[in-house]
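Text of structure-v3.csv (CSV, C-alpha atoms and all ligand atoms) as supplied:
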chain,number,residue,atom,x,y,z
A,1,MET,CA,-64.4,50.1,74.2
A,2,ALA,CA,-66.3,50.2,77.6
A,3,ALA,CA,-68.6,53.2,78.0
A,4,TYR,CA,-66.9,55.8,80.3
A,5,THR,CA,-68.0,58.9,82.0
A,6,GLN,CA,-65.5,61.7,82.5
A,7,GLU,CA,-65.1,60.6,86.1
A,8,SER,CA,-64.6,57.0,85.4
A,9,ALA,CA,-62.3,57.7,82.4
A,10,ALA,CA,-59.8,59.9,84.4
A,11,PRO,CA,-58.0,57.1,86.3
A,12,VAL,CA,-58.0,54.9,83.2
A,13,ILE,CA,-56.3,57.7,81.2
A,14,ALA,CA,-53.8,58.3,84.0
A,15,ALA,CA,-52.9,54.7,84.1
A,16,LEU,CA,-52.5,54.5,80.3
A,17,VAL,CA,-50.2,57.6,80.4
A,18,THR,CA,-48.1,56.1,83.1
A,19,LYS,CA,-47.8,52.7,81.4
A,20,LEU,CA,-46.9,54.2,78.0
A,21,ASN,CA,-44.4,56.6,79.4
A,22,THR,CA,-42.6,53.7,81.2
A,23,TRP,CA,-42.5,51.9,77.9
A,24,ARG,CA,-41.3,55.0,76.1
A,25,ARG,CA,-38.4,55.4,78.6
A,26,GLU,CA,-37.3,51.8,78.0
A,27,TYR,CA,-37.6,52.3,74.2
A,28,TYR,CA,-36.1,55.7,73.7
A,29,THR,CA,-33.7,56.3,76.6
A,30,ASN,CA,-32.5,52.7,77.2
A,31,ASP,CA,-32.9,51.4,73.6
A,32,ALA,CA,-34.4,48.3,75.4
A,33,PRO,CA,-38.1,47.8,75.0
A,34,SER,CA,-40.0,45.4,77.2
A,35,VAL,CA,-43.1,45.0,75.0
A,36,GLU,CA,-43.7,44.5,71.3
A,37,ASP,CA,-44.4,47.6,69.2
A,38,SER,CA,-47.9,46.2,68.4
A,39,GLU,CA,-48.8,46.2,72.2
A,40,TYR,CA,-47.5,49.7,72.5
A,41,ASP,CA,-49.4,50.8,69.4
A,42,ALA,CA,-52.7,49.2,70.7
A,43,THR,CA,-52.3,50.8,74.1
A,44,TYR,CA,-51.5,54.2,72.5
A,45,ARG,CA,-54.6,53.9,70.3
A,46,GLN,CA,-56.7,53.2,73.4
A,47,LEU,CA,-55.4,56.4,75.0
A,48,GLN,CA,-56.0,58.4,71.8
A,49,GLU,CA,-59.6,57.2,71.6
A,50,LEU,CA,-60.3,58.1,75.3
A,51,GLU,CA,-58.6,61.5,74.9
A,52,ALA,CA,-60.7,62.2,71.8
A,53,GLN,CA,-63.8,61.4,73.9
A,54,PHE,CA,-62.7,63.5,76.9
A,55,PRO,CA,-60.3,66.2,75.7
A,56,ALA,CA,-60.4,67.9,79.1
A,57,LEU,CA,-58.6,64.9,80.5
A,58,ILE,CA,-55.6,65.2,78.2
A,59,GLN,CA,-52.5,65.3,80.5
A,60,PRO,CA,-49.6,67.6,79.6
A,61,ASP,CA,-47.3,64.6,79.9
A,62,SER,CA,-49.4,62.4,77.6
A,63,PRO,CA,-47.4,60.6,74.9
A,64,THR,CA,-50.0,61.9,72.4
A,65,GLN,CA,-48.7,65.5,73.0
A,66,ALA,CA,-45.0,65.2,72.2
A,67,VAL,CA,-42.4,63.5,70.0
A,68,GLY,CA,-41.0,60.7,72.2
A,69,ASP,CA,-37.3,60.6,72.2
A,70,VAL,CA,-35.5,61.6,75.4
A,71,ILE,CA,-32.2,63.5,75.0
A,72,ASN,CA,-29.1,62.0,76.6
A,73,PRO,CA,-27.5,65.0,78.4
A,74,ALA,CA,-24.0,63.7,77.6
A,75,PHE,CA,-24.5,64.9,73.9
A,76,THR,CA,-24.4,68.5,72.8
A,77,LYS,CA,-27.9,69.7,72.1
A,78,VAL,CA,-28.8,70.7,68.5
A,79,PRO,CA,-31.9,72.9,68.0
A,80,HIS,CA,-33.9,71.9,64.9
A,81,ALA,CA,-35.0,75.0,63.0
A,82,VAL,CA,-37.7,72.9,61.4
A,83,PRO,CA,-39.1,70.5,64.0
A,84,MET,CA,-38.5,66.7,63.4
A,85,LEU,CA,-41.9,65.3,64.0
A,86,SER,CA,-43.4,61.8,64.5
A,87,MET,CA,-46.0,60.4,62.2
A,88,GLY,CA,-49.7,59.5,62.4
A,89,ASP,CA,-50.5,55.8,61.7
A,90,VAL,CA,-53.3,53.6,60.5
A,91,PHE,CA,-53.6,49.9,60.8
A,92,SER,CA,-56.0,48.9,58.0
A,93,LEU,CA,-56.8,49.9,54.4
A,94,GLY,CA,-60.1,51.2,55.6
A,95,GLU,CA,-58.4,53.7,57.9
A,96,LEU,CA,-56.1,54.7,55.2
A,97,GLN,CA,-59.0,55.3,52.9
A,98,ASP,CA,-60.7,57.5,55.6
A,99,TRP,CA,-57.5,59.5,56.0
A,100,ALA,CA,-57.1,60.1,52.3
A,101,ALA,CA,-60.8,61.0,51.9
A,102,ARG,CA,-60.5,63.6,54.8
A,103,LEU,CA,-57.4,65.0,53.2
A,104,GLN,CA,-58.9,65.2,49.7
A,105,SER,CA,-62.1,66.8,51.0
A,106,GLY,CA,-60.1,69.9,52.2
A,107,VAL,CA,-58.2,70.4,48.9
A,108,ASP,CA,-59.3,71.5,45.5
A,109,GLU,CA,-56.8,69.7,43.3
A,110,ALA,CA,-56.6,65.9,42.9
A,111,VAL,CA,-54.0,64.7,45.4
A,112,ALA,CA,-51.1,62.5,44.2
A,113,TYR,CA,-49.0,60.6,46.7
A,114,ASN,CA,-45.5,59.4,47.0
A,115,VAL,CA,-45.5,56.0,48.6
A,116,GLU,CA,-42.4,54.8,50.4
A,117,LEU,CA,-41.2,52.0,52.7
A,118,LYS,CA,-41.2,52.8,56.4
A,119,ILE,CA,-37.6,52.0,57.3
A,120,ASP,CA,-37.3,50.6,60.9
A,121,GLY,CA,-34.5,52.8,62.3
A,122,LEU,CA,-34.2,56.2,63.8
A,123,SER,CA,-34.4,59.7,62.2
A,124,LEU,CA,-31.2,61.5,61.4
A,125,SER,CA,-30.6,65.0,60.2
A,126,LEU,CA,-27.5,65.9,58.2
A,127,VAL,CA,-26.4,69.6,57.6
A,128,TYR,CA,-24.0,70.6,54.9
A,129,GLU,CA,-22.4,74.0,54.5
A,130,GLN,CA,-20.8,74.8,51.2
A,131,GLY,CA,-21.1,71.2,50.3
A,132,ARG,CA,-19.3,69.9,53.4
A,133,LEU,CA,-21.0,67.8,56.1
A,134,VAL,CA,-20.9,69.9,59.3
A,135,GLN,CA,-23.5,68.3,61.6
A,136,GLY,CA,-25.4,65.1,62.2
A,137,SER,CA,-28.1,65.0,64.8
A,138,THR,CA,-30.9,62.8,66.1
A,139,ARG,CA,-34.6,63.8,66.3
A,140,GLY,CA,-34.5,64.1,70.1
A,141,ASP,CA,-37.7,65.7,71.4
A,142,GLY,CA,-38.4,67.0,67.9
A,143,ASN,CA,-37.2,70.6,68.6
A,144,ILE,CA,-33.8,69.7,70.1
A,145,GLY,CA,-31.7,66.7,69.0
A,146,GLU,CA,-28.4,65.2,70.0
A,147,ASP,CA,-25.2,66.0,68.2
A,148,VAL,CA,-23.8,62.8,66.8
A,149,THR,CA,-21.5,64.3,64.1
A,150,PRO,CA,-18.4,62.2,64.8
A,151,ASN,CA,-20.6,59.0,64.7
A,152,VAL,CA,-22.2,60.1,61.5
A,153,LEU,CA,-18.8,60.6,59.8
A,154,THR,CA,-18.2,56.8,60.3
A,155,ILE,CA,-21.3,55.7,58.4
A,156,ALA,CA,-20.1,54.5,55.0
A,157,ASP,CA,-23.0,55.6,52.8
A,158,ILE,CA,-23.1,59.3,54.1
A,159,PRO,CA,-21.2,61.7,51.8
A,160,HIS,CA,-18.7,63.9,53.6
A,161,THR,CA,-18.7,66.3,50.6
A,162,LEU,CA,-21.3,67.0,47.9
A,163,PRO,CA,-20.6,67.4,44.2
A,164,GLU,CA,-21.8,71.1,44.5
A,165,PRO,CA,-21.0,73.6,47.3
A,166,LEU,CA,-24.6,73.7,48.6
A,167,ASP,CA,-25.9,74.7,52.0
A,168,LEU,CA,-28.4,72.0,52.7
A,169,GLU,CA,-30.2,69.9,55.3
A,170,VAL,CA,-31.5,66.4,54.5
A,171,ARG,CA,-33.2,64.0,56.8
A,172,GLY,CA,-33.8,60.3,56.7
A,173,GLU,CA,-33.5,57.0,58.5
A,174,CYS,CA,-30.4,55.5,60.1
A,175,TYR,CA,-30.8,51.7,60.3
A,176,MET,CA,-28.9,48.5,60.9
A,177,PRO,CA,-29.1,46.0,58.1
A,178,LYS,CA,-30.4,42.5,59.1
A,179,ALA,CA,-27.0,40.9,58.5
A,180,ALA,CA,-25.1,43.5,60.6
A,181,PHE,CA,-27.7,43.0,63.4
A,182,ALA,CA,-27.3,39.2,63.4
A,183,LYS,CA,-23.5,39.7,63.6
A,184,LEU,CA,-23.7,42.3,66.3
A,185,ASN,CA,-25.9,40.1,68.5
A,186,ALA,CA,-23.7,37.1,68.0
A,187,ALA,CA,-20.7,39.2,69.2
A,188,GLN,CA,-22.8,40.5,72.1
A,189,GLU,CA,-23.6,37.0,73.2
A,190,ALA,CA,-20.0,35.9,72.8
A,191,ASP,CA,-18.9,38.8,75.1
A,192,GLY,CA,-21.6,37.9,77.6
A,193,ALA,CA,-23.4,41.2,76.9
A,194,LYS,CA,-27.1,41.6,76.5
A,195,PRO,CA,-28.3,41.2,72.9
A,196,PHE,CA,-30.3,44.0,71.3
A,197,ALA,CA,-34.1,43.4,71.1
A,198,ASN,CA,-34.4,44.3,67.4
A,199,PRO,CA,-32.5,46.1,64.6
A,200,ARG,CA,-34.2,49.4,65.4
A,201,ASN,CA,-32.9,49.4,69.0
A,202,ALA,CA,-29.5,48.2,67.8
A,203,ALA,CA,-29.3,51.1,65.3
A,204,ALA,CA,-30.3,53.7,68.0
A,205,GLY,CA,-27.9,52.2,70.5
A,206,SER,CA,-25.1,52.3,67.9
A,207,LEU,CA,-25.7,55.8,66.6
A,208,ARG,CA,-26.1,57.3,70.1
A,209,GLN,CA,-22.7,56.3,71.3
A,210,LEU,CA,-20.3,58.7,73.0
A,211,ASP,CA,-17.3,56.9,71.4
A,212,ALA,CA,-17.5,57.1,67.6
A,213,ALA,CA,-15.1,54.2,67.3
A,214,VAL,CA,-18.0,51.9,68.6
A,215,THR,CA,-20.4,53.3,66.0
A,216,ALA,CA,-17.8,52.7,63.3
A,217,LYS,CA,-17.9,49.0,64.0
A,218,ARG,CA,-21.6,48.7,63.8
A,219,GLU,CA,-22.1,48.8,60.0
A,220,LEU,CA,-25.0,51.3,60.1
A,221,ALA,CA,-26.6,52.5,56.9
A,222,THR,CA,-29.0,55.3,55.8
A,223,PHE,CA,-31.9,56.1,53.5
A,224,MET,CA,-32.6,59.9,53.1
A,225,TYR,CA,-36.1,60.9,52.3
A,226,THR,CA,-36.6,64.6,53.4
A,227,LEU,CA,-35.1,67.7,51.8
A,228,VAL,CA,-35.5,70.6,54.1
A,229,ALA,CA,-36.4,74.0,52.5
A,230,PRO,CA,-36.8,72.3,49.0
A,231,GLU,CA,-37.9,75.6,47.4
A,232,GLN,CA,-34.3,76.8,47.7
A,233,TYR,CA,-33.4,74.2,45.1
A,234,GLY,CA,-36.4,74.5,42.8
A,235,VAL,CA,-37.8,71.1,44.0
A,236,THR,CA,-41.6,71.0,44.2
A,237,THR,CA,-42.5,67.3,44.7
A,238,GLN,CA,-41.4,64.6,47.1
A,239,HIS,CA,-40.4,62.3,44.3
A,240,GLU,CA,-38.2,65.0,42.8
A,241,ALA,CA,-36.7,65.6,46.3
A,242,ILE,CA,-35.7,62.0,46.5
A,243,ALA,CA,-34.1,62.1,43.0
A,244,PHE,CA,-32.3,65.3,43.9
A,245,MET,CA,-30.8,63.8,47.0
A,246,ARG,CA,-29.8,60.7,45.0
A,247,ARG,CA,-28.0,62.8,42.5
A,248,LEU,CA,-26.1,64.5,45.3
A,249,GLY,CA,-24.8,61.1,46.4
A,250,PHE,CA,-27.2,60.3,49.3
A,251,ALA,CA,-28.5,56.7,49.8
A,252,THR,CA,-32.2,56.8,48.9
A,253,ASN,CA,-34.6,53.9,49.0
A,254,PRO,CA,-35.2,52.6,45.4
A,255,SER,CA,-38.8,51.4,46.2
A,256,SER,CA,-40.7,54.6,46.4
A,257,VAL,CA,-43.3,55.4,43.7
A,258,VAL,CA,-45.9,58.0,42.9
A,259,ALA,CA,-49.5,56.8,43.3
A,260,GLN,CA,-52.4,58.7,41.8
A,261,ASP,CA,-55.1,57.0,43.8
A,262,LEU,CA,-55.9,54.4,46.6
A,263,ASP,CA,-55.9,51.5,44.2
A,264,GLN,CA,-52.3,52.2,43.3
A,265,ILE,CA,-51.4,52.6,47.0
A,266,ASP,CA,-53.2,49.4,47.8
A,267,ALA,CA,-51.2,47.6,45.0
A,268,TYR,CA,-47.9,49.0,46.4
A,269,ILE,CA,-48.8,47.8,49.9
A,270,THR,CA,-49.6,44.3,48.6
A,271,THR,CA,-46.4,44.0,46.7
A,272,GLN,CA,-44.1,45.4,49.4
A,273,THR,CA,-45.8,43.3,52.1
A,274,ALA,CA,-45.1,40.2,50.0
A,275,ASP,CA,-41.5,41.2,49.4
A,276,ARG,CA,-40.7,42.4,52.8
A,277,ASP,CA,-38.8,39.4,54.2
A,278,ALA,CA,-36.5,39.4,51.2
A,279,LEU,CA,-35.2,42.9,52.0
A,280,SER,CA,-31.8,43.2,53.7
A,281,TYR,CA,-33.2,45.7,56.2
A,282,GLY,CA,-36.3,45.9,58.3
A,283,ILE,CA,-39.5,47.9,57.5
A,284,ASP,CA,-42.4,48.3,59.8
A,285,GLY,CA,-44.9,49.7,57.4
A,286,ILE,CA,-45.5,51.9,54.3
A,287,VAL,CA,-45.5,55.7,54.4
A,288,VAL,CA,-48.0,57.6,52.2
A,289,LYS,CA,-47.0,61.3,51.6
A,290,VAL,CA,-48.7,64.0,49.6
A,291,ASP,CA,-46.3,64.4,46.7
A,292,SER,CA,-46.7,68.1,46.1
A,293,LEU,CA,-44.4,70.0,48.5
A,294,PRO,CA,-46.3,73.3,48.4
A,295,LEU,CA,-49.5,71.3,49.3
A,296,GLN,CA,-47.6,69.7,52.2
A,297,ALA,CA,-46.7,73.1,53.4
A,298,GLN,CA,-50.3,74.3,53.1
A,299,LEU,CA,-51.6,71.3,55.0
A,300,GLY,CA,-49.0,71.8,57.8
A,301,ASN,CA,-48.7,69.8,61.1
A,302,THR,CA,-50.5,69.1,64.3
A,303,VAL,CA,-48.5,69.5,67.5
A,304,LYS,CA,-46.9,66.0,66.9
A,305,VAL,CA,-47.4,64.8,63.3
A,306,PRO,CA,-47.6,66.2,59.8
A,307,ARG,CA,-51.1,66.2,58.3
A,308,TRP,CA,-49.8,65.3,54.8
A,309,GLU,CA,-48.3,61.9,55.6
A,310,ILE,CA,-49.4,58.7,57.3
A,311,ALA,CA,-47.8,55.4,58.2
A,312,TYR,CA,-49.7,52.3,57.3
A,313,LYS,CA,-48.3,49.9,59.9
A,314,PHE,CA,-48.1,46.2,59.2
A,315,PRO,CA,-50.5,44.0,61.2
A,316,PRO,CA,-49.2,42.7,64.5
A,317,GLU,CA,-49.1,39.0,63.5
A,318,GLU,CA,-46.5,39.9,60.9
A,319,ALA,CA,-44.6,41.9,63.4
A,320,GLU,CA,-44.6,38.9,65.7
A,321,THR,CA,-43.3,36.7,62.9
A,322,VAL,CA,-40.4,39.0,62.5
A,323,VAL,CA,-39.7,39.1,66.3
A,324,ARG,CA,-39.7,35.3,66.3
A,325,GLU,CA,-37.2,35.2,63.4
A,326,ILE,CA,-35.0,37.7,65.3
A,327,GLU,CA,-35.1,35.6,68.4
A,328,TRP,CA,-34.2,32.5,66.4
A,329,THR,CA,-31.3,34.4,64.8
A,330,ILE,CA,-30.1,35.4,68.3
A,401,LIG,P1,-42.9,56.0,64.1
A,401,LIG,O1,-41.6,55.3,64.2
A,401,LIG,O2,-44.1,55.2,64.1
A,401,LIG,O3,-42.9,56.9,62.8
A,401,LIG,C1,-42.2,58.1,62.5
A,401,LIG,C2,-40.8,57.9,62.1
A,401,LIG,O4,-40.8,57.0,60.9
A,401,LIG,C3,-40.1,59.1,61.6
A,401,LIG,O5,-39.7,59.9,62.6
A,401,LIG,C4,-39.0,58.5,60.8
A,401,LIG,O6,-37.9,58.3,61.6
A,401,LIG,C5,-39.5,57.1,60.4
A,401,LIG,N1,-39.5,56.8,58.9
A,401,LIG,C6,-39.1,55.6,58.4
A,401,LIG,N2,-39.2,55.6,57.1
A,401,LIG,C7,-39.7,56.8,56.7
A,401,LIG,C8,-40.1,57.4,55.5
A,401,LIG,N3,-39.9,56.8,54.3
A,401,LIG,N4,-40.5,58.7,55.5
A,401,LIG,C9,-40.7,59.4,56.6
A,401,LIG,N5,-40.4,58.9,57.9
A,401,LIG,C10,-39.9,57.6,57.9
A,401,LIG,O7,-43.0,57.1,65.2
A,401,LIG,P2,-42.1,57.4,66.4
A,401,LIG,O8,-42.7,58.5,67.1
A,401,LIG,O9,-40.7,57.5,66.0
A,401,LIG,O10,-42.3,56.1,67.3
A,401,LIG,C11,-43.5,55.6,67.6
A,401,LIG,C12,-43.4,54.1,67.4
A,401,LIG,O11,-42.3,53.6,68.1
A,401,LIG,C13,-44.6,53.5,68.0
A,401,LIG,O12,-45.7,53.4,67.0
A,401,LIG,C14,-44.1,52.1,68.4
A,401,LIG,O13,-44.3,51.2,67.3
A,401,LIG,C15,-42.7,52.4,68.7
A,401,LIG,N6,-42.5,52.4,70.2
A,401,LIG,C16,-42.4,51.2,70.8
A,401,LIG,C17,-42.3,51.2,72.2
A,401,LIG,C18,-42.2,49.9,72.8
A,401,LIG,O14,-42.1,49.8,74.1
A,401,LIG,N7,-42.2,48.8,72.1
A,401,LIG,C19,-42.2,52.4,72.9
A,401,LIG,C20,-42.3,53.6,72.2
A,401,LIG,C21,-42.4,53.6,70.8

Would you mind giving the structure from this file in structure tokens?
Amino acid sequence: MAAYTQESAAPVIAALVTKLNTWRREYYTNDAPSVEDSEYDATYRQLQELEAQFPALIQPDSPTQAVGDVINPAFTKVPHAVPMLSMGDVFSLGELQDWAARLQSGVDEAVAYNVELKIDGLSLSLVYEQGRLVQGSTRGDGNIGEDVTPNVLTIADIPHTLPEPLDLEVRGECYMPKAAFAKLNAAQEADGAKPFANPRNAAAGSLRQLDAAVTAKRELATFMYTLVAPEQYGVTTQHEAIAFMRRLGFATNPSSVVAQDLDQIDAYITTQTADRDALSYGIDGIVVKVDSLPLQAQLGNTVKVPRWEIAYKFPPEEAETVVREIEWTI
């Protein structure tokens, strides 16, 4: 990166914030991005590095300071008692190693991880009272989401009732399988409508519908990966939380594993990267989480991301391959 002074960095930071915020509006509000995620990520990284060098220049509207999604005022607002955050990311094994070393240096016990696929969709919260589904909501700005309960009730793999009369909140990813995406875009083309840029945007556009009958036709699916307030159910690790949710009837991703060290994480990344194209849904990386839930709580969050998890994002050339395949499918 060029050497900057505080004076020369100020307009560069302002320009990066403006550019990223424009891209975020296109992505989150319109579900229609104009640039690849890899370009967004590289620009975001540039801003992060400059802000780290000149913290006095961090703007309140900087995308590094808040979770991104913009709330559509047509939906009823849902406050999240526990914020729904974004996630830090790394782009190489070296960066992942540094993250793990930093984390381990602040902790006495040897840290074990639960390693999961990063599903390329949008976050969803489901609330149950006495075992009945009463609310589904999007992440929104992290503190306030959009009420999409009628839409959620149309998603085939979401249980309307649980086998036990539990009060419960689970969170996970709502996504559109690759086959449903290809079918939807073929139908959009046939109707003379604009095709969706990728399955993630198609999933967001389909869940955030004011007419649940439209959502019902879109063949959305879910993988749940977060149990809120796990101590209420005697659950103390992330891998147990996933098993607990699976037993209650939620769709959970079968690929997650516990890893004791970086070699095991590395092996997981290698296998999952190789198998990625064969999956029936899109993934944009691997998520590495501290497995112990009490340790997660102890490590806590920054203003935007949890300290106990990180996304290892796939390199851009692979992302581009996927985009080319999608364009070809369209
Ligand atoms: P993110 O999508 O990079 O990561 C956080 C999200 O990952 C979580 O909120 C959750 O929904 C999801 N996730 C999937 N699998 C998970 C798992 N197993 N465990 C936990 N979480 C899981 O972060 P973000 O803040 O939602 O979005 C930022 C990203 O969006 C950027 O890195 C960029 O790639 C993309 N983006 C692109 C544009 C563009 O114009 N192309 C604009 C804005 C954002």

Using only C-alpha atoms and all ligand atoms, what are the residues with an atom within 7 Å of ligand LIG 401 (chain A), set out as an MDAnalysis selection string? chainID A and resid 23:24 26:28 33:38 40:41 67:68 84:87 89 116:123 172:173 225 287 311

So, with only C-alpha atoms as the atoms that count, which of A:Ala221, A:Ala202, A:Ala112, A:Val170 lies closest to Val152 in chain A? A:Ala221

d(CA of Asp275 in chain A, CA of Tyr44 in chain A) in Å: 28.3 Å

Within 6 Å of range 293-299 of chain A, counting only C-alpha atoms, which residues show up once you throw out same-chain ones fewer than 6 positions away? Write them as number ranges by chain, please. A: 236-237, 308

Range 257-270 of chain A environment, 6 Å, only C-alpha atoms, sequence neighbours closer than 6 positions dropped, as a PyMOL selection string: chain A and resi 112-115
